[in-house]
Amino acid sequence: MISLVPSAGHAARMVARWASAVLAIALLGETRVAPGATVRPRPRVALAATPESSLWMEMRNVDLHIDERHVMHMRTLHGQVIPTVPGATAWLDDPKSFHLRATSGVVALDASAITTLLNTVTFNYPGAPIKNLEVRIENGMLIQRGKLHKGVDLPFEMRSRPALEPDGRLRLHPDKLRIFSVNGLTLIHALGLHLDQLMDLSRAKGASVKGDDLFIDPLQLIPPPAVQGRLATVRIEDTLLVQEFVRLPEDTVFGTFVRPDSGVRNFVYFRGGSLRFGRLTMTDTDLLINDDDESDPLDLNFADYNRQLVAGHTKNLADFGLRTWMVDYHRLPTRAVAARK
């Protein structure tokens with residue numbers, strides 16, 4: 001028979017062990033210091049954020065609208081979605097409620113998109129020295145044509161090859177400048193002037209001028225949501241200005257934790273963290289926005305995405321993930337037609 005009652009000696013040893021343990025805890029919890037010394041509490045060790053606690057976004061083959069007609073060609077874009085207000089939830093319906101910290105990506109803009117951004121963002125203020133700007137991309141060069149306002153309107157055309165500065169700005173040095181159909185550089189230099197004396201860009205957004213060089217910060221021109229990141233290269237491919245982001249160490253989360261469904265070609269994928277869209281809030285987000293027709297890039301206008309969502313279809317997964325198939329924006333009826341239905 002096995003006795004469950006400890007012997008007197010065994011009980012005494014157990015009491016001694018308990019007493020030693022209590023004494024050790026008391027000694028460890030007590031801080032003995034010399035007179036006059038200051039006791040500082042031990043700093044708490046912050047737990048490293050896990051990929052699951054952050055919201056990540058991946059885009060591939062998406063034409064993202066900057067207005068009703070013009071788009072940025074998002075060949076690929078990876079990044080962390082960060083709420084504008086700390087502790088708040090990013091809301092897809094309000095692009096100003098979050099920004100994207102790009103961890104890698106390749107984005108292309110055609111001449112019409114660059115024209116729109118410069119006219120509606122950079123030089124869209126009273127007294128702007130440049131107006132009616134039109135951009136073309138030809139033979140590896142960026143060609144800007146418009147009117148330079150200096151007391152009177154001076155028609156000009158400037159040809160330049162974009163060069164990436166270490167700080168991420170584009171430097172546009174005029175290889176050729178025509179003012180009133182004459183050699184503009186020869187003319188202003190003969191007068192002892194440079195471009196920075198002809199145009200005041202102190203109020204321009206994302207643009208500055210020094211000497212004869214015009215500097216553009218491409219990320220300052222992008223409409224909300226804002227994008228933070230650093231450009232690695234800028235190049236011209238045919239009629240497109242192509243910008244490639246520096247790949248950050250955190251980009252390894254893509255393809256591991258952030259893994260869209262296999263086989264999809266055109267999509268926006270949100271994974272991890274929390275995301276609000278419409279009247280819904282998703283935690284441990286797993287939202288894949290697919291293209292209803294993958295024969296061309298997903299044409300997406302976040303400002304009017306709900307109409308694209310309504311025109312498509314949605315599927316809930318067993319693990320509470322959500323899959324949507326959106327109709328391309330240009331295939332939707334115009335707002336006027338939609339309002340009459």
# chains A, B, ... in the order shown; residues from 1 in each chain; ligands from 1

$ residues_around --residues "segment 195-200 of chain A" --least-positions-apart "6" --cutoff "7 Å" --atoms "only C-alpha atoms" --output "PyMOL selection string"
chain A and resi 129+150+209-212

$ residues_around --residues "segment 49-66 of chain A" --least-positions-apart "2" --cutoff "9 Å" --atoms "only C-alpha atoms" --output "VMD selection string"
chain A and resid 46 to 47 68 to 82 90 100 105 113 116 to 117 222 to 224 253 to 254 257 to 258 260 265 to 275 284 to 285 296 to 303

$ write_last_selection --atoms "N, CA and C atoms" --output "compact mmCIF listing (two decimals), in the first residue's frame"
# COMPACT_ATOMS: atom_id res chain seq x y z
N ALA A 46 10.18 46.25 -24.09
CA ALA A 46 9.09 46.32 -25.07
C ALA A 46 9.11 45.09 -25.95
N LEU A 47 7.95 44.52 -26.16
CA LEU A 47 7.85 43.36 -27.02
C LEU A 47 7.90 43.80 -28.48
N GLU A 68 -10.51 61.33 -61.76
CA GLU A 68 -11.52 60.57 -62.50
C GLU A 68 -10.95 59.89 -63.75
N ARG A 69 -9.92 60.47 -64.37
CA ARG A 69 -9.45 59.97 -65.67
C ARG A 69 -8.04 59.39 -65.64
N HIS A 70 -7.17 59.90 -64.77
CA HIS A 70 -5.75 59.56 -64.85
C HIS A 70 -5.35 58.58 -63.74
N VAL A 71 -4.34 57.75 -64.05
CA VAL A 71 -3.96 56.68 -63.12
C VAL A 71 -2.44 56.62 -62.96
N MET A 72 -2.05 55.98 -61.86
CA MET A 72 -0.67 55.55 -61.66
C MET A 72 -0.64 54.05 -61.91
N HIS A 73 0.33 53.58 -62.67
CA HIS A 73 0.43 52.16 -62.98
C HIS A 73 1.26 51.48 -61.88
N MET A 74 0.58 50.79 -60.98
CA MET A 74 1.25 50.12 -59.87
C MET A 74 1.64 48.71 -60.33
N ARG A 75 2.85 48.59 -60.84
CA ARG A 75 3.29 47.26 -61.27
C ARG A 75 3.37 46.34 -60.05
N THR A 76 4.05 46.80 -59.03
CA THR A 76 4.03 46.13 -57.72
C THR A 76 4.20 47.21 -56.67
N LEU A 77 3.60 46.99 -55.52
CA LEU A 77 3.81 47.89 -54.39
C LEU A 77 3.55 47.12 -53.11
N HIS A 78 4.55 47.07 -52.25
CA HIS A 78 4.45 46.47 -50.93
C HIS A 78 4.58 47.57 -49.89
N GLY A 79 3.86 47.44 -48.79
CA GLY A 79 4.03 48.43 -47.75
C GLY A 79 3.20 48.15 -46.51
N GLN A 80 3.51 48.92 -45.48
CA GLN A 80 2.81 48.85 -44.21
C GLN A 80 1.81 49.99 -44.14
N VAL A 81 0.57 49.65 -43.82
CA VAL A 81 -0.49 50.65 -43.70
C VAL A 81 -0.47 51.20 -42.28
N ILE A 82 -0.26 52.51 -42.16
CA ILE A 82 -0.10 53.14 -40.85
C ILE A 82 -1.19 54.20 -40.67
N ALA A 90 -7.19 52.32 -39.82
CA ALA A 90 -7.21 52.82 -41.20
C ALA A 90 -8.59 52.56 -41.80
N LEU A 100 0.95 54.97 -46.41
CA LEU A 100 1.62 53.71 -46.73
C LEU A 100 3.13 53.90 -46.63
N GLY A 105 8.68 48.34 -54.41
CA GLY A 105 7.65 48.58 -55.42
C GLY A 105 8.20 49.20 -56.68
N ALA A 113 -0.60 61.65 -66.69
CA ALA A 113 -0.69 61.62 -65.23
C ALA A 113 0.26 62.64 -64.61
N THR A 116 -1.22 66.08 -64.99
CA THR A 116 -2.31 66.31 -64.03
C THR A 116 -1.75 66.61 -62.64
N LEU A 117 -0.78 65.84 -62.18
CA LEU A 117 -0.22 66.04 -60.84
C LEU A 117 0.46 67.40 -60.72
N ILE A 222 1.77 62.75 -54.88
CA ILE A 222 0.77 61.70 -54.87
C ILE A 222 -0.41 62.10 -53.99
N PRO A 223 -1.63 62.00 -54.48
CA PRO A 223 -2.80 62.30 -53.65
C PRO A 223 -2.95 61.25 -52.56
N PRO A 224 -3.74 61.55 -51.50
CA PRO A 224 -3.92 60.59 -50.41
C PRO A 224 -4.43 59.25 -50.92
N VAL A 253 8.25 40.12 -45.17
CA VAL A 253 6.94 39.67 -44.71
C VAL A 253 6.06 39.25 -45.90
N PHE A 254 6.37 39.79 -47.07
CA PHE A 254 5.60 39.46 -48.28
C PHE A 254 6.13 38.15 -48.86
N PHE A 257 4.23 35.85 -44.39
CA PHE A 257 2.95 36.11 -43.71
C PHE A 257 1.91 36.66 -44.69
N VAL A 258 2.33 37.56 -45.54
CA VAL A 258 1.42 38.17 -46.52
C VAL A 258 1.52 37.38 -47.82
N PRO A 260 -0.98 36.33 -50.92
CA PRO A 260 -2.28 36.30 -51.61
C PRO A 260 -2.53 34.93 -52.21
N ARG A 265 -3.51 37.56 -60.54
CA ARG A 265 -2.54 38.39 -61.27
C ARG A 265 -2.71 39.88 -60.98
N ASN A 266 -3.95 40.33 -60.89
CA ASN A 266 -4.23 41.75 -60.66
C ASN A 266 -4.99 41.86 -59.33
N PHE A 267 -4.41 42.53 -58.35
CA PHE A 267 -5.09 42.51 -57.04
C PHE A 267 -4.53 43.57 -56.10
N VAL A 268 -5.31 43.80 -55.03
CA VAL A 268 -4.87 44.52 -53.84
C VAL A 268 -5.15 43.60 -52.67
N TYR A 269 -4.16 43.38 -51.83
CA TYR A 269 -4.31 42.43 -50.72
C TYR A 269 -3.92 43.12 -49.42
N PHE A 270 -4.84 43.06 -48.44
CA PHE A 270 -4.60 43.57 -47.10
C PHE A 270 -4.50 42.39 -46.13
N ARG A 271 -3.47 42.39 -45.30
CA ARG A 271 -3.28 41.26 -44.37
C ARG A 271 -2.72 41.77 -43.04
N GLY A 272 -3.30 41.20 -41.93
CA GLY A 272 -2.86 41.54 -40.59
C GLY A 272 -3.57 42.79 -40.06
N GLY A 273 -3.37 43.08 -38.78
CA GLY A 273 -3.89 44.31 -38.20
C GLY A 273 -5.38 44.49 -38.41
N SER A 274 -5.83 45.74 -38.36
CA SER A 274 -7.26 46.07 -38.49
C SER A 274 -7.47 47.02 -39.65
N LEU A 275 -8.60 46.85 -40.32
CA LEU A 275 -8.97 47.70 -41.46
C LEU A 275 -10.46 47.93 -41.43
N ASP A 284 -7.43 41.07 -37.70
CA ASP A 284 -6.65 40.02 -38.34
C ASP A 284 -7.03 39.98 -39.81
N THR A 285 -6.92 41.15 -40.44
CA THR A 285 -7.45 41.36 -41.79
C THR A 285 -6.90 40.36 -42.80
N ASP A 296 -6.73 42.85 -68.46
CA ASP A 296 -5.97 44.09 -68.36
C ASP A 296 -5.83 44.41 -66.87
N PRO A 297 -5.01 45.40 -66.49
CA PRO A 297 -4.81 45.69 -65.07
C PRO A 297 -6.12 46.04 -64.37
N LEU A 298 -6.13 45.81 -63.06
CA LEU A 298 -7.28 46.21 -62.24
C LEU A 298 -7.35 47.73 -62.21
N ASP A 299 -8.44 48.28 -62.73
CA ASP A 299 -8.66 49.72 -62.79
C ASP A 299 -9.42 50.11 -61.53
N LEU A 300 -8.72 50.72 -60.57
CA LEU A 300 -9.28 50.93 -59.24
C LEU A 300 -9.29 52.41 -58.87
N ASN A 301 -10.45 52.87 -58.44
CA ASN A 301 -10.60 54.23 -57.94
C ASN A 301 -11.09 54.14 -56.50
N PHE A 302 -10.17 54.31 -55.56
CA PHE A 302 -10.53 54.18 -54.14
C PHE A 302 -11.59 55.19 -53.74
N ALA A 303 -11.62 56.35 -54.41
CA ALA A 303 -12.61 57.37 -54.08
C ALA A 303 -14.03 56.92 -54.41

$ closest_residue --among "A:Phe277, A:Phe245, A:Phe215, A:Phe156" --to "Leu201 of chain A" --atoms "only C-alpha atoms"
A:Phe215

$ atom_distance --atom1 "atom CA of His149 of chain A" --atom2 "atom CA of Ile130 of chain A"
6.1 Å

$ atom_distance --atom1 "atom CA of Ser202 of chain A" --atom2 "atom CA of Asp217 of chain A"
13.8 Å

$ closest_residue --among "A:Thr186, A:Asn306, A:Thr122, A:Ser160" --to "Arg145 of chain A" --atoms "only C-alpha atoms"
A:Ser160

$ closest_residue --among "A:Val152, A:Asn139, A:His173, A:Asp67" --to "Tyr329 of chain A" --atoms "only C-alpha atoms"
A:Asp67

$ atom_distance --atom1 "atom CA of Asn183 of chain A" --atom2 "atom CA of Lys131 of chain A"
20.3 Å

$ select_by_dssp --residues "segment 24-173 of chain A" --states "alpha helix (DSSP H)" --output "JSON, numbers by chain"
{"A": [24, 25, 26, 27, 28, 29, 111, 112, 113, 114, 115, 116, 117]}

$ residues_around --residues "Ile179 of chain A" --least-positions-apart "4" --cutoff "10 Å" --atoms "only C-alpha atoms" --output "ChimeraX atom specification"
/A:147-148,154-158,183-185,187-188

$ write_last_selection --atoms "N, CA and C atoms" --output "mmCIF file, in the first residue's frame"
data_model
loop_
_atom_site.group_PDB
_atom_site.id
_atom_site.type_symbol
_atom_site.label_atom_id
_atom_site.label_comp_id
_atom_site.auth_asym_id
_atom_site.auth_seq_id
_atom_site.Cartn_x
_atom_site.Cartn_y
_atom_site.Cartn_z
ATOM 1 N N LYS A 147 3.432 78.027 -69.832
ATOM 2 C CA LYS A 147 3.640 79.470 -69.790
ATOM 3 C C LYS A 147 4.313 79.842 -68.471
ATOM 4 N N LEU A 148 5.402 80.565 -68.605
ATOM 5 C CA LEU A 148 6.131 81.080 -67.449
ATOM 6 C C LEU A 148 5.678 82.516 -67.209
ATOM 7 N N LEU A 154 5.207 84.053 -70.659
ATOM 8 C CA LEU A 154 6.264 83.710 -71.596
ATOM 9 C C LEU A 154 6.127 82.241 -71.984
ATOM 10 N N PRO A 155 5.748 81.936 -73.215
ATOM 11 C CA PRO A 155 5.664 80.528 -73.632
ATOM 12 C C PRO A 155 7.054 79.894 -73.581
ATOM 13 N N PHE A 156 7.113 78.666 -73.038
ATOM 14 C CA PHE A 156 8.409 77.993 -72.935
ATOM 15 C C PHE A 156 8.249 76.507 -73.212
ATOM 16 N N GLU A 157 9.378 75.886 -73.540
ATOM 17 C CA GLU A 157 9.456 74.433 -73.654
ATOM 18 C C GLU A 157 10.830 74.009 -73.127
ATOM 19 N N MET A 158 10.822 73.084 -72.188
ATOM 20 C CA MET A 158 12.067 72.620 -71.580
ATOM 21 C C MET A 158 12.201 71.114 -71.757
ATOM 22 N N ASN A 183 16.556 80.419 -78.018
ATOM 23 C CA ASN A 183 17.315 79.672 -77.021
ATOM 24 C C ASN A 183 17.193 80.374 -75.672
ATOM 25 N N GLY A 184 16.397 79.761 -74.782
ATOM 26 C CA GLY A 184 16.105 80.402 -73.508
ATOM 27 C C GLY A 184 17.299 80.507 -72.589
ATOM 28 N N LEU A 185 18.150 79.463 -72.557
ATOM 29 C CA LEU A 185 19.315 79.506 -71.683
ATOM 30 C C LEU A 185 20.280 80.603 -72.113
ATOM 31 N N LEU A 187 19.537 83.268 -73.714
ATOM 32 C CA LEU A 187 18.893 84.564 -73.466
ATOM 33 C C LEU A 187 19.011 84.981 -72.006
ATOM 34 N N ILE A 188 18.634 84.086 -71.085
ATOM 35 C CA ILE A 188 18.644 84.488 -69.671
ATOM 36 C C ILE A 188 20.065 84.616 -69.133
#

$ closest_residue --among "A:Arg101, A:Arg235, A:His313, A:Arg169" --to "Asp292 of chain A" --atoms "only C-alpha atoms"
A:His313

$ decode --residues "segment 139-221 of chain A" --atoms "C-alpha atoms" --output "compact mmCIF listing (two decimals), in the first residue's frame"
# COMPACT_ATOMS: atom_id res chain seq x y z
CA ASN A 139 13.28 59.71 -76.77
CA GLY A 140 14.19 59.28 -73.11
CA MET A 141 13.44 62.90 -72.27
CA LEU A 142 10.80 64.69 -70.22
CA ILE A 143 9.42 67.63 -72.19
CA GLN A 144 7.52 70.36 -70.35
CA ARG A 145 5.62 72.99 -72.26
CA GLY A 146 3.61 75.83 -70.77
CA LYS A 147 3.64 79.47 -69.79
CA LEU A 148 6.13 81.08 -67.45
CA HIS A 149 4.55 84.07 -65.76
CA LYS A 150 6.99 86.89 -65.11
CA GLY A 151 4.94 90.05 -65.40
CA VAL A 152 3.70 88.69 -68.71
CA ASP A 153 3.16 85.12 -69.90
CA LEU A 154 6.26 83.71 -71.60
CA PRO A 155 5.66 80.53 -73.63
CA PHE A 156 8.41 77.99 -72.94
CA GLU A 157 9.46 74.43 -73.65
CA MET A 158 12.07 72.62 -71.58
CA ARG A 159 13.66 69.25 -72.40
CA SER A 160 15.48 67.31 -69.69
CA ARG A 161 16.56 63.84 -68.62
CA PRO A 162 15.37 63.00 -65.08
CA ALA A 163 18.20 62.29 -62.65
CA LEU A 164 17.66 60.89 -59.15
CA GLU A 165 19.22 62.88 -56.32
CA PRO A 166 20.45 61.16 -53.11
CA ASP A 167 17.52 62.67 -51.19
CA GLY A 168 14.97 61.07 -53.55
CA ARG A 169 14.12 64.17 -55.58
CA LEU A 170 14.22 64.27 -59.36
CA ARG A 171 16.58 66.81 -60.86
CA LEU A 172 15.48 68.21 -64.21
CA HIS A 173 18.35 70.09 -65.84
CA PRO A 174 17.33 71.83 -69.08
CA ASP A 175 19.25 70.23 -71.92
CA LYS A 176 17.29 72.59 -74.12
CA LEU A 177 15.09 75.54 -73.16
CA ARG A 178 13.05 77.56 -75.62
CA ILE A 179 11.40 80.85 -74.63
CA PHE A 180 9.42 82.60 -77.37
CA SER A 181 11.00 80.08 -79.79
CA VAL A 182 14.53 81.33 -79.03
CA ASN A 183 17.31 79.67 -77.02
CA GLY A 184 16.10 80.40 -73.51
CA LEU A 185 19.32 79.51 -71.68
CA THR A 186 21.42 81.75 -73.92
CA LEU A 187 18.89 84.56 -73.47
CA ILE A 188 18.64 84.49 -69.67
CA HIS A 189 22.37 83.91 -69.19
CA ALA A 190 23.09 86.91 -71.41
CA LEU A 191 20.98 88.91 -68.99
CA GLY A 192 22.94 87.46 -66.06
CA LEU A 193 19.95 85.46 -64.88
CA HIS A 194 19.11 81.85 -64.00
CA LEU A 195 15.79 80.02 -63.79
CA ASP A 196 15.58 80.47 -60.00
CA GLN A 197 15.46 84.24 -60.62
CA LEU A 198 12.59 83.86 -63.06
CA MET A 199 10.32 81.64 -60.95
CA ASP A 200 9.49 81.67 -57.27
CA LEU A 201 8.55 78.14 -56.21
CA SER A 202 8.47 78.79 -52.46
CA ARG A 203 4.74 78.00 -52.40
CA ALA A 204 4.86 75.08 -54.82
CA LYS A 205 4.18 71.65 -53.37
CA GLY A 206 6.93 69.13 -54.07
CA ALA A 207 8.94 71.41 -56.37
CA SER A 208 11.89 73.76 -56.01
CA VAL A 209 14.43 75.44 -58.27
CA LYS A 210 18.13 76.15 -57.84
CA GLY A 211 20.20 77.78 -60.52
CA ASP A 212 18.85 76.35 -63.77
CA ASP A 213 17.76 73.05 -62.22
CA LEU A 214 14.19 72.14 -61.36
CA PHE A 215 13.74 69.63 -58.51
CA ILE A 216 10.60 67.51 -58.09
CA ASP A 217 9.75 65.33 -55.09
CA PRO A 218 7.50 62.65 -56.66
CA LEU A 219 6.10 61.37 -53.36
CA GLN A 220 4.84 64.86 -52.46
CA LEU A 221 2.70 64.89 -55.59
